[in-house]
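Structure data follow from query-v2.cif (mmCIF, N, CA and C atoms):
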data_query
#
loop_
_atom_site.label_atom_id
_atom_site.label_comp_id
_atom_site.auth_asym_id
_atom_site.auth_seq_id
_atom_site.Cartn_x
_atom_site.Cartn_y
_atom_site.Cartn_z
N GLY A 149 29.31 -1.03 -2.09
CA GLY A 149 28.48 -1.58 -1.52
C GLY A 149 27.43 -1.94 -0.66
N GLY A 150 26.36 -1.18 -0.70
CA GLY A 150 25.23 -1.50 0.14
C GLY A 150 24.29 -2.51 -0.51
N LYS A 151 23.40 -3.01 0.27
CA LYS A 151 22.43 -3.98 -0.22
C LYS A 151 21.08 -3.28 -0.41
N VAL A 152 20.45 -3.52 -1.54
CA VAL A 152 19.12 -2.98 -1.79
C VAL A 152 18.10 -3.92 -1.17
N ARG A 153 17.17 -3.35 -0.44
CA ARG A 153 16.06 -4.11 0.15
C ARG A 153 14.77 -3.46 -0.31
N VAL A 154 13.75 -4.29 -0.49
CA VAL A 154 12.47 -3.80 -1.00
C VAL A 154 11.39 -3.99 0.06
N LEU A 155 10.72 -2.89 0.40
CA LEU A 155 9.59 -2.89 1.32
C LEU A 155 8.34 -2.61 0.51
N LEU A 156 7.32 -3.42 0.66
CA LEU A 156 6.05 -3.24 -0.04
C LEU A 156 5.01 -2.71 0.94
N PRO A 157 4.70 -1.40 0.89
CA PRO A 157 3.59 -0.91 1.70
C PRO A 157 2.30 -1.41 1.07
N ASP A 158 1.39 -1.90 1.90
CA ASP A 158 0.15 -2.51 1.41
C ASP A 158 -1.00 -2.05 2.28
N PRO A 159 -2.11 -1.60 1.67
CA PRO A 159 -3.22 -1.14 2.50
C PRO A 159 -3.86 -2.27 3.31
N VAL A 160 -4.24 -1.96 4.54
CA VAL A 160 -5.00 -2.92 5.34
C VAL A 160 -6.24 -3.29 4.52
N GLY A 161 -6.50 -4.58 4.39
CA GLY A 161 -7.64 -5.05 3.60
C GLY A 161 -7.21 -5.69 2.30
N SER A 162 -5.99 -5.39 1.85
CA SER A 162 -5.45 -6.01 0.65
C SER A 162 -4.96 -7.42 1.01
N VAL A 163 -4.88 -8.29 0.02
CA VAL A 163 -4.46 -9.67 0.27
C VAL A 163 -2.95 -9.87 0.17
N LEU A 164 -2.20 -8.86 -0.24
CA LEU A 164 -0.78 -9.07 -0.52
C LEU A 164 0.04 -9.41 0.72
N LEU A 165 -0.26 -8.80 1.86
CA LEU A 165 0.47 -9.11 3.10
C LEU A 165 0.31 -10.59 3.43
N GLY A 166 -0.90 -11.08 3.40
CA GLY A 166 -1.15 -12.50 3.70
C GLY A 166 -0.48 -13.41 2.70
N ALA A 167 -0.51 -13.05 1.42
CA ALA A 167 0.13 -13.87 0.39
C ALA A 167 1.63 -13.91 0.58
N PHE A 168 2.23 -12.79 1.00
CA PHE A 168 3.67 -12.72 1.23
C PHE A 168 4.08 -13.67 2.35
N HIS A 169 3.30 -13.70 3.43
CA HIS A 169 3.64 -14.52 4.60
C HIS A 169 3.16 -15.96 4.48
N ASN A 170 2.30 -16.24 3.52
CA ASN A 170 1.76 -17.59 3.34
C ASN A 170 1.87 -18.00 1.88
N PRO A 171 3.09 -18.23 1.41
CA PRO A 171 3.27 -18.57 -0.01
C PRO A 171 2.39 -19.74 -0.42
N GLY A 172 1.74 -19.59 -1.57
CA GLY A 172 0.89 -20.65 -2.08
C GLY A 172 -0.53 -20.60 -1.58
N SER A 173 -0.79 -19.87 -0.48
CA SER A 173 -2.14 -19.85 0.07
C SER A 173 -3.09 -18.99 -0.74
N ASP A 174 -2.57 -18.25 -1.72
CA ASP A 174 -3.43 -17.45 -2.59
C ASP A 174 -4.09 -18.33 -3.64
N GLN A 175 -3.74 -19.60 -3.67
CA GLN A 175 -4.28 -20.50 -4.68
C GLN A 175 -5.58 -21.11 -4.19
N ALA A 176 -6.68 -20.46 -4.43
CA ALA A 176 -7.98 -21.05 -4.13
C ALA A 176 -8.19 -22.21 -5.08
N GLU A 177 -8.92 -23.23 -4.64
CA GLU A 177 -9.17 -24.36 -5.52
C GLU A 177 -9.80 -23.87 -6.81
N GLY A 178 -9.23 -24.27 -7.93
CA GLY A 178 -9.77 -23.86 -9.23
C GLY A 178 -9.30 -22.50 -9.69
N ALA A 179 -8.40 -21.85 -8.94
CA ALA A 179 -7.90 -20.53 -9.36
C ALA A 179 -7.10 -20.66 -10.64
N PRO A 180 -7.10 -19.64 -11.47
CA PRO A 180 -6.34 -19.71 -12.72
C PRO A 180 -4.85 -19.89 -12.45
N GLN A 181 -4.16 -20.52 -13.36
CA GLN A 181 -2.73 -20.77 -13.23
C GLN A 181 -1.99 -20.05 -14.36
N GLY A 182 -0.67 -20.18 -14.38
CA GLY A 182 0.12 -19.70 -15.49
C GLY A 182 0.31 -18.20 -15.56
N GLY A 183 0.49 -17.53 -14.41
CA GLY A 183 0.79 -16.12 -14.42
C GLY A 183 -0.43 -15.21 -14.54
N LYS A 184 -1.60 -15.77 -14.52
CA LYS A 184 -2.81 -14.95 -14.57
C LYS A 184 -3.23 -14.61 -13.15
N PRO A 185 -3.94 -13.49 -12.95
CA PRO A 185 -4.38 -13.13 -11.60
C PRO A 185 -5.27 -14.22 -11.00
N HIS A 186 -5.12 -14.42 -9.71
CA HIS A 186 -5.92 -15.39 -9.00
C HIS A 186 -7.27 -14.78 -8.65
N ALA A 187 -8.27 -15.60 -8.57
CA ALA A 187 -9.61 -15.12 -8.20
C ALA A 187 -9.59 -14.65 -6.75
N PRO A 188 -10.38 -13.61 -6.43
CA PRO A 188 -10.44 -13.16 -5.03
C PRO A 188 -10.99 -14.26 -4.14
N LEU A 189 -10.43 -14.39 -2.96
CA LEU A 189 -10.94 -15.36 -2.00
C LEU A 189 -12.05 -14.72 -1.19
N GLU A 190 -13.02 -15.50 -0.85
CA GLU A 190 -14.16 -15.00 -0.10
C GLU A 190 -13.92 -15.06 1.41
N GLU A 191 -13.05 -15.96 1.84
CA GLU A 191 -12.81 -16.10 3.27
C GLU A 191 -11.41 -16.62 3.50
N GLY A 192 -10.99 -16.65 4.75
CA GLY A 192 -9.69 -17.19 5.09
C GLY A 192 -8.61 -16.14 5.18
N VAL A 193 -7.37 -16.61 5.22
CA VAL A 193 -6.21 -15.75 5.45
C VAL A 193 -6.15 -14.61 4.45
N LEU A 194 -6.48 -14.90 3.19
CA LEU A 194 -6.31 -13.89 2.15
C LEU A 194 -7.60 -13.23 1.72
N ALA A 195 -8.64 -13.33 2.51
CA ALA A 195 -9.90 -12.68 2.13
C ALA A 195 -9.68 -11.17 2.08
N ALA A 196 -10.13 -10.56 1.00
CA ALA A 196 -9.95 -9.12 0.84
C ALA A 196 -10.91 -8.37 1.75
N GLY A 197 -10.43 -7.25 2.27
CA GLY A 197 -11.26 -6.36 3.07
C GLY A 197 -11.54 -5.10 2.28
N LYS A 198 -11.97 -4.07 2.97
CA LYS A 198 -12.25 -2.79 2.30
C LYS A 198 -11.16 -1.80 2.66
N TYR A 199 -10.80 -0.99 1.68
CA TYR A 199 -9.83 0.08 1.92
C TYR A 199 -10.13 1.21 0.94
N ALA A 200 -9.76 2.44 1.34
CA ALA A 200 -10.09 3.62 0.54
C ALA A 200 -8.97 4.06 -0.39
N VAL A 201 -7.73 3.66 -0.11
CA VAL A 201 -6.61 4.07 -0.95
C VAL A 201 -6.77 3.41 -2.31
N GLU A 202 -6.82 4.22 -3.34
CA GLU A 202 -7.06 3.71 -4.69
C GLU A 202 -5.75 3.43 -5.42
N GLY A 203 -5.76 2.44 -6.30
CA GLY A 203 -4.62 2.17 -7.15
C GLY A 203 -3.58 1.24 -6.57
N VAL A 204 -3.72 0.88 -5.32
CA VAL A 204 -2.80 -0.06 -4.68
C VAL A 204 -3.62 -1.07 -3.90
N GLY A 205 -2.98 -2.11 -3.43
CA GLY A 205 -3.71 -3.14 -2.72
C GLY A 205 -4.53 -3.94 -3.72
N LYS A 206 -4.79 -5.14 -3.39
CA LYS A 206 -5.50 -6.02 -4.31
C LYS A 206 -6.44 -6.93 -3.54
N ASP A 207 -7.50 -7.40 -4.25
CA ASP A 207 -8.35 -8.43 -3.67
C ASP A 207 -7.99 -9.79 -4.24
N SER A 208 -6.94 -9.82 -5.05
CA SER A 208 -6.37 -11.06 -5.57
C SER A 208 -4.89 -10.80 -5.82
N VAL A 209 -4.12 -11.87 -5.96
CA VAL A 209 -2.69 -11.73 -6.18
C VAL A 209 -2.43 -11.73 -7.69
N PRO A 210 -1.96 -10.61 -8.24
CA PRO A 210 -1.71 -10.57 -9.69
C PRO A 210 -0.61 -11.56 -10.08
N GLY A 211 -0.73 -12.11 -11.25
CA GLY A 211 0.28 -13.04 -11.74
C GLY A 211 1.64 -12.42 -11.89
N THR A 212 1.70 -11.09 -11.99
CA THR A 212 2.97 -10.39 -12.14
C THR A 212 3.65 -10.08 -10.80
N MET A 213 2.98 -10.40 -9.69
CA MET A 213 3.56 -10.12 -8.37
C MET A 213 4.73 -11.05 -8.12
N ALA A 214 5.91 -10.49 -7.97
CA ALA A 214 7.14 -11.28 -7.78
C ALA A 214 7.62 -11.10 -6.34
N PHE A 215 7.05 -11.87 -5.43
CA PHE A 215 7.41 -11.74 -4.02
C PHE A 215 8.87 -12.08 -3.75
N GLU A 216 9.53 -12.78 -4.66
CA GLU A 216 10.94 -13.11 -4.43
C GLU A 216 11.82 -11.86 -4.42
N HIS A 217 11.29 -10.74 -4.90
CA HIS A 217 12.05 -9.48 -4.88
C HIS A 217 11.66 -8.58 -3.71
N VAL A 218 10.74 -9.05 -2.87
CA VAL A 218 10.23 -8.26 -1.74
C VAL A 218 10.82 -8.82 -0.45
N ASP A 219 11.41 -7.94 0.35
CA ASP A 219 11.99 -8.36 1.62
C ASP A 219 11.00 -8.29 2.77
N ALA A 220 10.06 -7.36 2.70
CA ALA A 220 9.09 -7.19 3.78
C ALA A 220 7.86 -6.47 3.24
N VAL A 221 6.73 -6.70 3.90
CA VAL A 221 5.48 -6.02 3.57
C VAL A 221 5.03 -5.28 4.81
N LEU A 222 4.68 -4.02 4.65
CA LEU A 222 4.21 -3.19 5.75
C LEU A 222 2.74 -2.87 5.53
N SER A 223 1.91 -3.24 6.46
CA SER A 223 0.48 -2.96 6.38
C SER A 223 0.23 -1.51 6.81
N VAL A 224 -0.46 -0.75 5.96
CA VAL A 224 -0.71 0.68 6.21
C VAL A 224 -2.22 0.92 6.19
N THR A 225 -2.72 1.62 7.19
CA THR A 225 -4.15 1.91 7.23
C THR A 225 -4.48 3.07 6.30
N ASP A 226 -5.76 3.16 5.93
CA ASP A 226 -6.21 4.30 5.13
C ASP A 226 -5.89 5.61 5.84
N LYS A 227 -6.13 5.64 7.15
CA LYS A 227 -5.88 6.86 7.91
C LYS A 227 -4.40 7.26 7.84
N GLN A 228 -3.50 6.29 7.97
CA GLN A 228 -2.07 6.59 7.90
C GLN A 228 -1.70 7.15 6.52
N ALA A 229 -2.25 6.57 5.46
CA ALA A 229 -1.96 7.04 4.10
C ALA A 229 -2.52 8.45 3.88
N VAL A 230 -3.77 8.67 4.30
CA VAL A 230 -4.41 9.98 4.13
C VAL A 230 -3.70 11.03 4.99
N ASP A 231 -3.39 10.67 6.24
CA ASP A 231 -2.67 11.60 7.12
C ASP A 231 -1.33 12.02 6.50
N MET A 232 -0.65 11.07 5.85
CA MET A 232 0.63 11.41 5.22
C MET A 232 0.41 12.33 4.03
N CYS A 233 -0.67 12.13 3.28
CA CYS A 233 -0.98 13.06 2.18
C CYS A 233 -1.17 14.47 2.71
N LEU A 234 -1.93 14.60 3.78
CA LEU A 234 -2.18 15.92 4.37
C LEU A 234 -0.89 16.52 4.93
N ARG A 235 -0.08 15.68 5.54
CA ARG A 235 1.21 16.14 6.08
C ARG A 235 2.11 16.64 4.95
N MET A 236 2.18 15.89 3.85
CA MET A 236 3.02 16.32 2.73
C MET A 236 2.51 17.63 2.15
N ALA A 237 1.19 17.80 2.08
CA ALA A 237 0.63 19.04 1.55
C ALA A 237 0.97 20.22 2.45
N HIS A 238 0.79 20.04 3.77
CA HIS A 238 1.01 21.14 4.71
C HIS A 238 2.49 21.44 4.94
N GLU A 239 3.32 20.40 5.05
CA GLU A 239 4.72 20.61 5.41
C GLU A 239 5.65 20.77 4.20
N GLU A 240 5.31 20.13 3.08
CA GLU A 240 6.22 20.12 1.93
C GLU A 240 5.64 20.78 0.69
N GLY A 241 4.34 21.11 0.72
CA GLY A 241 3.71 21.68 -0.45
C GLY A 241 3.52 20.68 -1.58
N VAL A 242 3.46 19.40 -1.23
CA VAL A 242 3.28 18.33 -2.22
C VAL A 242 1.84 17.84 -2.15
N LEU A 243 1.12 17.96 -3.26
CA LEU A 243 -0.26 17.50 -3.34
C LEU A 243 -0.23 16.09 -3.92
N ALA A 244 -0.27 15.11 -3.04
CA ALA A 244 -0.10 13.71 -3.44
C ALA A 244 -1.40 12.93 -3.28
N GLY A 245 -1.52 11.88 -4.08
CA GLY A 245 -2.65 10.96 -3.99
C GLY A 245 -2.42 9.90 -2.92
N GLY A 246 -3.43 9.07 -2.71
CA GLY A 246 -3.39 8.08 -1.65
C GLY A 246 -2.28 7.07 -1.74
N SER A 247 -1.98 6.59 -2.95
CA SER A 247 -0.90 5.61 -3.05
C SER A 247 0.46 6.26 -2.77
N SER A 248 0.60 7.53 -3.08
CA SER A 248 1.83 8.25 -2.72
C SER A 248 1.92 8.39 -1.21
N GLY A 249 0.81 8.72 -0.56
CA GLY A 249 0.79 8.81 0.90
C GLY A 249 1.13 7.48 1.54
N LEU A 250 0.63 6.40 0.96
CA LEU A 250 0.92 5.06 1.45
C LEU A 250 2.43 4.78 1.36
N ASN A 251 3.02 5.09 0.20
CA ASN A 251 4.45 4.83 0.01
C ASN A 251 5.31 5.69 0.92
N VAL A 252 4.98 6.97 1.05
CA VAL A 252 5.79 7.84 1.91
C VAL A 252 5.64 7.43 3.37
N HIS A 253 4.45 7.03 3.79
CA HIS A 253 4.28 6.52 5.15
C HIS A 253 5.20 5.32 5.36
N GLY A 254 5.23 4.41 4.39
CA GLY A 254 6.12 3.26 4.49
C GLY A 254 7.58 3.67 4.60
N ALA A 255 7.98 4.66 3.82
CA ALA A 255 9.37 5.14 3.86
C ALA A 255 9.70 5.75 5.21
N VAL A 256 8.77 6.52 5.77
CA VAL A 256 8.99 7.13 7.08
C VAL A 256 9.08 6.05 8.16
N GLU A 257 8.19 5.06 8.10
CA GLU A 257 8.26 3.95 9.06
C GLU A 257 9.60 3.23 8.95
N LEU A 258 10.02 2.98 7.72
CA LEU A 258 11.28 2.29 7.49
C LEU A 258 12.46 3.09 8.04
N SER A 259 12.39 4.42 7.92
CA SER A 259 13.51 5.25 8.37
C SER A 259 13.79 5.09 9.86
N ALA A 260 12.78 4.70 10.63
CA ALA A 260 12.97 4.50 12.06
C ALA A 260 13.60 3.14 12.37
N ARG A 261 13.70 2.28 11.35
CA ARG A 261 14.16 0.90 11.58
C ARG A 261 15.51 0.59 10.96
N VAL A 262 16.04 1.49 10.17
CA VAL A 262 17.30 1.21 9.47
C VAL A 262 18.44 2.00 10.10
N PRO A 263 19.68 1.58 9.87
CA PRO A 263 20.81 2.31 10.45
C PRO A 263 20.91 3.75 9.93
N ALA A 264 21.44 4.62 10.77
CA ALA A 264 21.68 6.00 10.36
C ALA A 264 22.54 6.00 9.10
N GLY A 265 22.25 6.90 8.19
CA GLY A 265 22.99 7.00 6.95
C GLY A 265 22.43 6.15 5.82
N SER A 266 21.41 5.35 6.12
CA SER A 266 20.79 4.54 5.07
C SER A 266 20.08 5.44 4.07
N VAL A 267 20.02 5.01 2.83
CA VAL A 267 19.32 5.75 1.79
C VAL A 267 18.00 5.04 1.52
N ILE A 268 16.92 5.81 1.56
CA ILE A 268 15.58 5.27 1.31
C ILE A 268 15.01 5.98 0.09
N VAL A 269 14.52 5.19 -0.84
CA VAL A 269 13.92 5.73 -2.07
C VAL A 269 12.49 5.23 -2.14
N THR A 270 11.58 6.11 -2.51
CA THR A 270 10.19 5.69 -2.72
C THR A 270 9.67 6.35 -3.99
N VAL A 271 8.48 5.96 -4.37
CA VAL A 271 7.85 6.47 -5.59
C VAL A 271 6.55 7.15 -5.21
N LEU A 272 6.29 8.31 -5.80
CA LEU A 272 5.01 8.98 -5.64
C LEU A 272 4.27 8.84 -6.97
N PRO A 273 3.45 7.79 -7.09
CA PRO A 273 2.84 7.47 -8.38
C PRO A 273 1.62 8.29 -8.76
N ASP A 274 1.10 9.09 -7.84
CA ASP A 274 -0.11 9.82 -8.19
C ASP A 274 -0.12 11.21 -7.57
N THR A 275 -0.82 12.09 -8.25
CA THR A 275 -1.02 13.45 -7.77
C THR A 275 -2.31 13.49 -6.97
N GLY A 276 -2.44 14.51 -6.16
CA GLY A 276 -3.66 14.65 -5.37
C GLY A 276 -4.79 15.37 -6.10
N LEU A 277 -4.55 15.80 -7.33
CA LEU A 277 -5.58 16.54 -8.06
C LEU A 277 -6.89 15.77 -8.19
N LYS A 278 -6.80 14.46 -8.41
CA LYS A 278 -8.03 13.69 -8.56
C LYS A 278 -8.67 13.34 -7.22
N TYR A 279 -8.05 13.76 -6.13
CA TYR A 279 -8.56 13.44 -4.80
C TYR A 279 -9.00 14.67 -4.02
N LEU A 280 -9.19 15.79 -4.71
CA LEU A 280 -9.60 17.02 -4.02
C LEU A 280 -10.94 16.84 -3.32
N SER A 281 -11.82 16.01 -3.89
CA SER A 281 -13.15 15.80 -3.27
C SER A 281 -13.12 14.67 -2.26
N LYS A 282 -11.99 14.02 -2.10
CA LYS A 282 -11.89 12.92 -1.14
C LYS A 282 -10.82 13.24 -0.09
N ILE A 283 -9.59 12.85 -0.35
CA ILE A 283 -8.51 13.00 0.64
C ILE A 283 -8.41 14.42 1.16
N TYR A 284 -8.56 15.41 0.28
CA TYR A 284 -8.39 16.81 0.68
C TYR A 284 -9.70 17.50 1.02
N ASN A 285 -10.76 16.70 1.23
CA ASN A 285 -12.07 17.21 1.59
C ASN A 285 -12.39 16.76 3.01
N LYS A 286 -12.46 17.70 3.92
CA LYS A 286 -12.67 17.38 5.34
C LYS A 286 -13.97 16.60 5.57
N GLU A 287 -15.02 16.95 4.88
CA GLU A 287 -16.31 16.25 5.05
C GLU A 287 -16.18 14.79 4.65
N TRP A 288 -15.49 14.52 3.53
CA TRP A 288 -15.28 13.13 3.09
C TRP A 288 -14.47 12.36 4.12
N ARG A 289 -13.41 12.98 4.63
CA ARG A 289 -12.55 12.31 5.61
C ARG A 289 -13.31 11.99 6.88
N GLU A 290 -14.26 12.82 7.24
CA GLU A 290 -14.99 12.60 8.49
C GLU A 290 -16.21 11.71 8.31
N SER A 291 -16.51 11.34 7.07
CA SER A 291 -17.69 10.49 6.85
C SER A 291 -17.36 9.02 7.03
#

Representation of the structure as structure tokens:
Amino acid sequence: GGKVRVLLPDPVGSVLLGAFHNPGSDQAEGAPQGGKPHAPLEEGVLAAGKYAVEGVGKDSVPGTMAFEHVDAVLSVTDKQAVDMCLRMAHEEGVLAGGSSGLNVHGAVELSARVPAGSVIVTVLPDTGLKYLSKIYNKEWRES
């Protein structure tokens, strides 16, 4: 018996953190209903920002997002996600994409907050091959 808990790492600039903490506030007046994605908000608590991590984070809350299965949301900066990609490449020989860096950063953060002996599982959904000109390119990172 242990209890499974779900942590959602979310890029800074995505609306999911705000939606998690403000249930129902993702419903802009006139937003679609019935499980369809909500229109992006232009301002307010859930206004989308800019972020470089591709494939994660949203500028609207997808109809398939089931926050009832999420225990916490961790906001992760682009720099934290990219730094974790570089760390995984240098220390572990793993060439990971930005969403993988985001997830592993979340897992490492979580490891500092849970009791010793806890088991943490994460997913690495992307390879770094498509990011050789971005995440793994020093000029891009410094621009």

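One finds CA of Asn251 in chain A at 20.1 Å from atom N of Ala264 in chain A.
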
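When only N, CA and C atoms are used to measure the gap to Thr225 in chain A, the shortest distance among A:Leu250, A:Val271, A:Leu258, A:Arg153 belongs to A:Leu250.
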
Give me the residues within 9 Å of range 233-240 of chain A as a PyMOL selection string, counting only C-alpha atoms and dropping any in the same chain fewer than 4 places off. chain A and resi 228-229+244-246+248-250+252-253+276+283-284

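Among the candidate residues A:Leu272, A:Met213, A:Leu277, A:Val230, the one lying nearest to Phe168 in chain A is A:Met213, with distances computed using only C-alpha atoms.
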
CA of Gly265 in chain A to CA of Ala214 in chain A, straight-line distance in Å: 28.3 Å

When you look at Val221 in chain A with a cut-off of 8 Å (counting all atoms listed in the file), what residues show up, excluding the ones that are within fewer than 4 positions of it in the same chain? I need them as a PyMOL selection string. chain A and resi 154-158+164-165+168-169

Generate N, CA, C and O atoms for range 156-168 of chain A and emit them as an mmCIF file, keeping the file's coordinate frame.
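Final output, saved to result_34.cif:
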data_model
loop_
_atom_site.group_PDB
_atom_site.id
_atom_site.type_symbol
_atom_site.label_atom_id
_atom_site.label_comp_id
_atom_site.auth_asym_id
_atom_site.auth_seq_id
_atom_site.Cartn_x
_atom_site.Cartn_y
_atom_site.Cartn_z
ATOM 1 N N LEU A 156 7.320 -3.420 0.660
ATOM 2 C CA LEU A 156 6.050 -3.240 -0.040
ATOM 3 C C LEU A 156 5.010 -2.710 0.940
ATOM 4 O O LEU A 156 4.514 -3.459 1.770
ATOM 5 N N PRO A 157 4.700 -1.400 0.890
ATOM 6 C CA PRO A 157 3.590 -0.910 1.700
ATOM 7 C C PRO A 157 2.300 -1.410 1.070
ATOM 8 O O PRO A 157 2.129 -1.359 -0.147
ATOM 9 N N ASP A 158 1.390 -1.900 1.900
ATOM 10 C CA ASP A 158 0.150 -2.510 1.410
ATOM 11 C C ASP A 158 -1.000 -2.050 2.280
ATOM 12 O O ASP A 158 -0.895 -2.076 3.506
ATOM 13 N N PRO A 159 -2.110 -1.600 1.670
ATOM 14 C CA PRO A 159 -3.220 -1.140 2.500
ATOM 15 C C PRO A 159 -3.860 -2.270 3.310
ATOM 16 O O PRO A 159 -3.967 -3.395 2.811
ATOM 17 N N VAL A 160 -4.240 -1.960 4.540
ATOM 18 C CA VAL A 160 -5.000 -2.920 5.340
ATOM 19 C C VAL A 160 -6.240 -3.290 4.520
ATOM 20 O O VAL A 160 -6.923 -2.419 4.002
ATOM 21 N N GLY A 161 -6.500 -4.580 4.390
ATOM 22 C CA GLY A 161 -7.640 -5.050 3.600
ATOM 23 C C GLY A 161 -7.210 -5.690 2.300
ATOM 24 O O GLY A 161 -7.945 -6.461 1.706
ATOM 25 N N SER A 162 -5.990 -5.390 1.850
ATOM 26 C CA SER A 162 -5.450 -6.010 0.650
ATOM 27 C C SER A 162 -4.960 -7.420 1.010
ATOM 28 O O SER A 162 -4.628 -7.697 2.157
ATOM 29 N N VAL A 163 -4.880 -8.290 0.020
ATOM 30 C CA VAL A 163 -4.460 -9.670 0.270
ATOM 31 C C VAL A 163 -2.950 -9.870 0.170
ATOM 32 O O VAL A 163 -2.456 -10.953 0.478
ATOM 33 N N LEU A 164 -2.200 -8.860 -0.240
ATOM 34 C CA LEU A 164 -0.780 -9.070 -0.520
ATOM 35 C C LEU A 164 0.040 -9.410 0.720
ATOM 36 O O LEU A 164 0.955 -10.225 0.650
ATOM 37 N N LEU A 165 -0.260 -8.800 1.860
ATOM 38 C CA LEU A 165 0.470 -9.110 3.100
ATOM 39 C C LEU A 165 0.310 -10.590 3.430
ATOM 40 O O LEU A 165 1.285 -11.278 3.721
ATOM 41 N N GLY A 166 -0.900 -11.080 3.400
ATOM 42 C CA GLY A 166 -1.150 -12.500 3.700
ATOM 43 C C GLY A 166 -0.480 -13.410 2.700
ATOM 44 O O GLY A 166 0.079 -14.451 3.074
ATOM 45 N N ALA A 167 -0.510 -13.050 1.420
ATOM 46 C CA ALA A 167 0.130 -13.870 0.390
ATOM 47 C C ALA A 167 1.630 -13.910 0.580
ATOM 48 O O ALA A 167 2.273 -14.942 0.371
ATOM 49 N N PHE A 168 2.230 -12.790 1.000
ATOM 50 C CA PHE A 168 3.670 -12.720 1.230
ATOM 51 C C PHE A 168 4.080 -13.670 2.350
ATOM 52 O O PHE A 168 5.083 -14.374 2.255
#
